[in-house]
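Trainee: Dropping the structure in here first, questions after.
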Amino acid sequence: MEWHEITIASNPDARAEAERIVMDAVGSRDFSEEASFSIKLAMEEAVVNAMKHGNSFDESKQVLLRYGFNGDSFHLVVRDEGRGFDHQHLPDPTDEDHLTLPYGRGIMLMRSYMDDVSYNDQGNEVTLVKFNSPGRKP
């Protein structure tokens, strides 16, 4: 797989440009409208989480986006410079006590739209995978 990397500061303008570059690459690979939408939504969530929770919007800290294609699959790695988090023990955002909170649904959203979502041990890097074939799992 040929990987491409984009490193950006933790600010919204840099995020928008990086996401445009990635989505142009996805568009050039003839991904379905549904798969492209899923990738865009999950990528936005992952990058915002990295900037907000990982880097605390500190513009001196960077976010790495590393992406590539393997046949009919798209792979995206998003890594921040933060301490990470325990991704195995997250509160359930659908629990009644959490329904009215204005946060906490991003990871659930990424898992719903992507075919695979995994984290490194530290919790400061997420890998997202989307197949262009509906229903296919890694």
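Residue numbers start at 1 in each chain; chains themselves are named A, B, ... in the order of the structure tokens; ligands are numbered from 1 in the order shown.
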Please report, as number ranges by chain, each residue of chain A to which DSSP assigns alpha helix (DSSP H) when run on this structure's backbone.
Mentor: A: 12-27, 33-49, 106-113
Trainee: Within chain A, find each residue whose DSSP state, derived from the backbone, is strand (DSSP E or B), and express the selection as a PyMOL selection string.
Mentor: chain A and resi 3-9+62-70+73-79+116-119+125-131
Trainee: Applying 10 Å and only C-alpha atoms, which residues near Met114 (chain A) remain after dropping the ones on its own chain fewer than 6 positions away? List them as a list in words.
Mentor: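 Listing them by chain and then by number gives Ala35, Ser38, Ile39, Leu41, Ala42, Met43, Phe74, Leu128, Val129, Lys130, Phe131 and Lys137 of chain A.
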Trainee: Give the answer as one residue: which of A:Ser133, A:Ile107, A:Asp115, A:His75 has the shortest atom-to-atom distance to Ser32 (chain A), using only C-alpha atoms?
Mentor: A:Ser133
Trainee: Which of these residues is nearest to Asp86 (chain A), using only C-alpha atoms: A:Gly27, A:Gly123, A:Pro12, A:Gly106?
Mentor: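 Of A:Gly27, A:Gly123, A:Pro12, A:Gly106, the one nearest Asp86 (chain A) is A:Gly123, counting only C-alpha atoms.
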Trainee: As a list in words, please: the residues near Val48 (chain A) (cut-off 10 Å, only C-alpha atoms, same-chain neighbours under 6 positions excluded).
Mentor: Ser10, Asn11, Pro12, Arg15, Ala42, Gly54, Asn55, Phe57, Val63 and Gly106 of chain A
Trainee: Which residue, A:Glu44, A:Met108, A:Leu64, A:Asp72, has the smallest gap to Phe31 (chain A) when you use only C-alpha atoms?
Mentor: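 Distance minimum relative to Phe31 (chain A) lands on A:Asp72.
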Trainee: Using Å and a single decimal, report how far CA of Met51 (chain A) sits from CA of His4 (chain A).
Mentor: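 These atoms are spaced 19.9 Å apart.
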